[in-house]
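Engineer: Mind having a look at this structure? Questions to follow.
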Amino acid sequence: MKNNKTNRVSSAVLAFVLSFVFVVACFPLTADAATALKIKSSISLSSAYVGGTATIKGTASGGTSPYTYKFLYRVGSGNWVTARNYSSISSTSVSLNKAGKYTFRTYTRDKRNVEVYCDVSATVNEKYVTLVNRSSISATTVSLGNTVTVKGSATGGTSPYTYAYYYTP
């Protein structure tokens, strides 16, 4: 009988311990989940063409303030370039000097040094400039046996330029 009571008590204790372990495993172990650090990032472009400027703004929430921000960007799959290192300033501007897909990465760090980031992107195009033929000829009237010089010249478009010369008798 003694053995039966011991088994019943041991079973009850084991069931309680297992229930307790299960309950602990179902809840977050820290209270931080409700105040997790988050970052939203937005960009505005002065122009979607080379020569424009992108302004990137980060907005942090959760975590423990104060927040600091860091901004990086890259064109295509190129190397990351730091536009602004960690500071309390939540925005920065980047000159768009090259055509391609720009990816802007905004980091934020809170007082506890927890860090998160967010990416936004924009495509920057070559500035369209109308191609203009500026070719010239050395004479407006041509007499038989005289030499005429034609000089090819152009502006706008995208260089380098190629030229073709045609004449009819």
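Residue numbering restarts at 1 in every chain; chains get A, B, ... in the order shown in the structure tokens, and ligands count up from 1 in that same order.
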Just the residues within 12 Å of region 79-85 of chain A, please, counting only C-alpha atoms, with nothing from its chain fewer than 4 positions along; format it as a ChimeraX atom specification.
Structural biologist: /A:54-57,68-75,89-96,102-109
Engineer: Do a neighbour search on Ser135 (chain A) at 9 Å with only C-alpha atoms, toss out local chain neighbours closer than 5 positions, and write the hits as a VMD selection string.
Structural biologist: chain A and resid 150 to 154
Engineer: Please write the residues from the selection above to a file, keeping all heavy atoms, as a PDB file, in the first residue's frame.
Structural biologist:
```
ATOM      1  N   VAL A 150      32.204  67.876 -94.964  1.00  0.00           N
ATOM      2  CA  VAL A 150      31.042  67.687 -94.084  1.00  0.00           C
ATOM      3  C   VAL A 150      31.585  67.275 -92.712  1.00  0.00           C
ATOM      4  O   VAL A 150      32.411  66.375 -92.610  1.00  0.00           O
ATOM      5  CB  VAL A 150      30.095  66.593 -94.632  1.00  0.00           C
ATOM      6  CG1 VAL A 150      28.952  66.356 -93.666  1.00  0.00           C
ATOM      7  CG2 VAL A 150      29.607  66.965 -96.018  1.00  0.00           C
ATOM      8  N   LYS A 151      31.152  67.991 -91.704  1.00  0.00           N
ATOM      9  CA  LYS A 151      31.602  67.692 -90.349  1.00  0.00           C
ATOM     10  C   LYS A 151      30.392  67.215 -89.526  1.00  0.00           C
ATOM     11  O   LYS A 151      29.411  67.935 -89.397  1.00  0.00           O
ATOM     12  CB  LYS A 151      32.213  68.929 -89.704  1.00  0.00           C
ATOM     13  CG  LYS A 151      32.713  68.676 -88.301  1.00  0.00           C
ATOM     14  CD  LYS A 151      33.296  69.926 -87.678  1.00  0.00           C
ATOM     15  CE  LYS A 151      33.714  69.612 -86.250  1.00  0.00           C
ATOM     16  NZ  LYS A 151      34.020  70.805 -85.498  1.00  0.00           N
ATOM     17  N   GLY A 152      30.514  65.989 -88.981  1.00  0.00           N
ATOM     18  CA  GLY A 152      29.437  65.444 -88.153  1.00  0.00           C
ATOM     19  C   GLY A 152      29.529  65.969 -86.727  1.00  0.00           C
ATOM     20  O   GLY A 152      30.600  66.064 -86.153  1.00  0.00           O
ATOM     21  N   SER A 153      28.392  66.354 -86.182  1.00  0.00           N
ATOM     22  CA  SER A 153      28.350  66.862 -84.816  1.00  0.00           C
ATOM     23  C   SER A 153      26.939  66.649 -84.261  1.00  0.00           C
ATOM     24  O   SER A 153      25.955  66.752 -85.001  1.00  0.00           O
ATOM     25  CB  SER A 153      28.706  68.352 -84.809  1.00  0.00           C
ATOM     26  OG  SER A 153      28.599  68.866 -83.511  1.00  0.00           O
ATOM     27  N   ALA A 154      26.856  66.354 -82.980  1.00  0.00           N
ATOM     28  CA  ALA A 154      25.551  66.145 -82.356  1.00  0.00           C
ATOM     29  C   ALA A 154      25.619  66.570 -80.897  1.00  0.00           C
ATOM     30  O   ALA A 154      26.692  66.640 -80.291  1.00  0.00           O
ATOM     31  CB  ALA A 154      25.144  64.685 -82.457  1.00  0.00           C
TER      32      ALA A 154
END
```
Engineer: Would you mind reading off the distance between CA of Val124 (chain A) and CA of Tyr49 (chain A), one decimal, in Å?
Structural biologist: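 Pair CA of Val124 (chain A) / CA of Tyr49 (chain A) returns 5.1 Å.
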Engineer: To test your reading of the structure, identify every residue in region 93-156 of chain A that backbone DSSP assigns to strand (DSSP E), and report it as a PDB file with N, CA and C atoms, in the first residue's frame.
Structural biologist:
```pdb
ATOM      1  N   SER A  93      19.992  62.831 -47.094  1.00  0.00           N
ATOM      2  CA  SER A  93      19.805  62.960 -48.537  1.00  0.00           C
ATOM      3  C   SER A  93      20.971  62.323 -49.271  1.00  0.00           C
ATOM      4  N   VAL A  94      20.671  61.774 -50.445  1.00  0.00           N
ATOM      5  CA  VAL A  94      21.666  61.114 -51.285  1.00  0.00           C
ATOM      6  C   VAL A  94      21.542  61.670 -52.689  1.00  0.00           C
ATOM      7  N   SER A  95      22.680  62.059 -53.292  1.00  0.00           N
ATOM      8  CA  SER A  95      22.686  62.508 -54.683  1.00  0.00           C
ATOM      9  C   SER A  95      22.612  61.283 -55.591  1.00  0.00           C
ATOM     10  N   GLY A 100      20.131  53.360 -62.392  1.00  0.00           N
ATOM     11  CA  GLY A 100      20.004  51.993 -61.906  1.00  0.00           C
ATOM     12  C   GLY A 100      19.022  51.908 -60.762  1.00  0.00           C
ATOM     13  N   LYS A 101      18.909  50.698 -60.188  1.00  0.00           N
ATOM     14  CA  LYS A 101      18.014  50.485 -59.048  1.00  0.00           C
ATOM     15  C   LYS A 101      18.788  50.779 -57.768  1.00  0.00           C
ATOM     16  N   TYR A 102      18.344  51.772 -57.035  1.00  0.00           N
ATOM     17  CA  TYR A 102      18.940  52.136 -55.753  1.00  0.00           C
ATOM     18  C   TYR A 102      18.195  51.419 -54.639  1.00  0.00           C
ATOM     19  N   THR A 103      18.939  50.837 -53.716  1.00  0.00           N
ATOM     20  CA  THR A 103      18.354  50.264 -52.504  1.00  0.00           C
ATOM     21  C   THR A 103      18.862  51.108 -51.344  1.00  0.00           C
ATOM     22  N   PHE A 104      17.924  51.622 -50.557  1.00  0.00           N
ATOM     23  CA  PHE A 104      18.257  52.449 -49.406  1.00  0.00           C
ATOM     24  C   PHE A 104      17.958  51.642 -48.149  1.00  0.00           C
ATOM     25  N   ARG A 105      18.931  51.518 -47.260  1.00  0.00           N
ATOM     26  CA  ARG A 105      18.771  50.737 -46.031  1.00  0.00           C
ATOM     27  C   ARG A 105      18.863  51.686 -44.836  1.00  0.00           C
ATOM     28  N   THR A 106      17.818  51.661 -44.004  1.00  0.00           N
ATOM     29  CA  THR A 106      17.774  52.485 -42.799  1.00  0.00           C
ATOM     30  C   THR A 106      17.875  51.589 -41.580  1.00  0.00           C
ATOM     31  N   TYR A 107      18.893  51.821 -40.774  1.00  0.00           N
ATOM     32  CA  TYR A 107      19.052  51.108 -39.510  1.00  0.00           C
ATOM     33  C   TYR A 107      18.574  52.005 -38.383  1.00  0.00           C
ATOM     34  N   THR A 108      18.037  51.402 -37.340  1.00  0.00           N
ATOM     35  CA  THR A 108      17.813  52.137 -36.108  1.00  0.00           C
ATOM     36  C   THR A 108      18.323  51.286 -34.961  1.00  0.00           C
ATOM     37  N   ARG A 109      18.798  51.980 -33.947  1.00  0.00           N
ATOM     38  CA  ARG A 109      19.303  51.310 -32.752  1.00  0.00           C
ATOM     39  C   ARG A 109      18.679  52.029 -31.563  1.00  0.00           C
ATOM     40  N   GLU A 115      19.203  46.501 -32.641  1.00  0.00           N
ATOM     41  CA  GLU A 115      19.298  47.107 -33.968  1.00  0.00           C
ATOM     42  C   GLU A 115      18.380  46.389 -34.947  1.00  0.00           C
ATOM     43  N   VAL A 116      17.647  47.145 -35.766  1.00  0.00           N
ATOM     44  CA  VAL A 116      16.828  46.602 -36.846  1.00  0.00           C
ATOM     45  C   VAL A 116      17.037  47.484 -38.078  1.00  0.00           C
ATOM     46  N   TYR A 117      16.669  46.951 -39.263  1.00  0.00           N
ATOM     47  CA  TYR A 117      16.777  47.760 -40.473  1.00  0.00           C
ATOM     48  C   TYR A 117      15.600  47.499 -41.395  1.00  0.00           C
ATOM     49  N   CYS A 118      15.464  48.406 -42.366  1.00  0.00           N
ATOM     50  CA  CYS A 118      14.383  48.331 -43.353  1.00  0.00           C
ATOM     51  C   CYS A 118      14.947  48.804 -44.692  1.00  0.00           C
ATOM     52  N   ASP A 119      14.587  48.137 -45.780  1.00  0.00           N
ATOM     53  CA  ASP A 119      15.030  48.513 -47.124  1.00  0.00           C
ATOM     54  C   ASP A 119      13.874  49.095 -47.930  1.00  0.00           C
ATOM     55  N   VAL A 120      14.155  50.127 -48.687  1.00  0.00           N
ATOM     56  CA  VAL A 120      13.235  50.651 -49.696  1.00  0.00           C
ATOM     57  C   VAL A 120      14.060  50.889 -50.957  1.00  0.00           C
ATOM     58  N   SER A 121      13.421  50.874 -52.116  1.00  0.00           N
ATOM     59  CA  SER A 121      14.192  51.047 -53.347  1.00  0.00           C
ATOM     60  C   SER A 121      13.472  51.944 -54.346  1.00  0.00           C
ATOM     61  N   ALA A 122      14.247  52.444 -55.284  1.00  0.00           N
ATOM     62  CA  ALA A 122      13.731  53.295 -56.354  1.00  0.00           C
ATOM     63  C   ALA A 122      14.624  53.132 -57.569  1.00  0.00           C
ATOM     64  N   THR A 123      14.039  53.266 -58.752  1.00  0.00           N
ATOM     65  CA  THR A 123      14.806  53.173 -59.990  1.00  0.00           C
ATOM     66  C   THR A 123      15.079  54.576 -60.510  1.00  0.00           C
ATOM     67  N   VAL A 124      16.336  54.822 -60.842  1.00  0.00           N
ATOM     68  CA  VAL A 124      16.767  56.124 -61.356  1.00  0.00           C
ATOM     69  C   VAL A 124      17.179  55.921 -62.809  1.00  0.00           C
ATOM     70  N   VAL A 132      20.171  66.060 -81.064  1.00  0.00           N
ATOM     71  CA  VAL A 132      20.084  67.118 -82.075  1.00  0.00           C
ATOM     72  C   VAL A 132      21.271  66.979 -83.014  1.00  0.00           C
ATOM     73  N   ASN A 133      20.982  66.940 -84.315  1.00  0.00           N
ATOM     74  CA  ASN A 133      22.021  66.879 -85.341  1.00  0.00           C
ATOM     75  C   ASN A 133      22.580  68.283 -85.553  1.00  0.00           C
ATOM     76  N   SER A 136      27.590  70.017 -90.086  1.00  0.00           N
ATOM     77  CA  SER A 136      27.730  71.196 -90.946  1.00  0.00           C
ATOM     78  C   SER A 136      28.407  70.810 -92.259  1.00  0.00           C
ATOM     79  N   ILE A 137      28.233  71.674 -93.266  1.00  0.00           N
ATOM     80  CA  ILE A 137      28.851  71.481 -94.568  1.00  0.00           C
ATOM     81  C   ILE A 137      29.588  72.771 -94.930  1.00  0.00           C
ATOM     82  N   VAL A 150      32.204  67.876 -94.964  1.00  0.00           N
ATOM     83  CA  VAL A 150      31.042  67.687 -94.084  1.00  0.00           C
ATOM     84  C   VAL A 150      31.585  67.275 -92.712  1.00  0.00           C
ATOM     85  N   LYS A 151      31.152  67.991 -91.704  1.00  0.00           N
ATOM     86  CA  LYS A 151      31.602  67.692 -90.349  1.00  0.00           C
ATOM     87  C   LYS A 151      30.392  67.215 -89.526  1.00  0.00           C
ATOM     88  N   ALA A 154      26.856  66.354 -82.980  1.00  0.00           N
ATOM     89  CA  ALA A 154      25.551  66.145 -82.356  1.00  0.00           C
ATOM     90  C   ALA A 154      25.619  66.570 -80.897  1.00  0.00           C
ATOM     91  N   THR A 155      24.450  66.862 -80.332  1.00  0.00           N
ATOM     92  CA  THR A 155      24.332  67.140 -78.896  1.00  0.00           C
ATOM     93  C   THR A 155      23.129  66.362 -78.370  1.00  0.00           C
TER      94      THR A 155
END
```
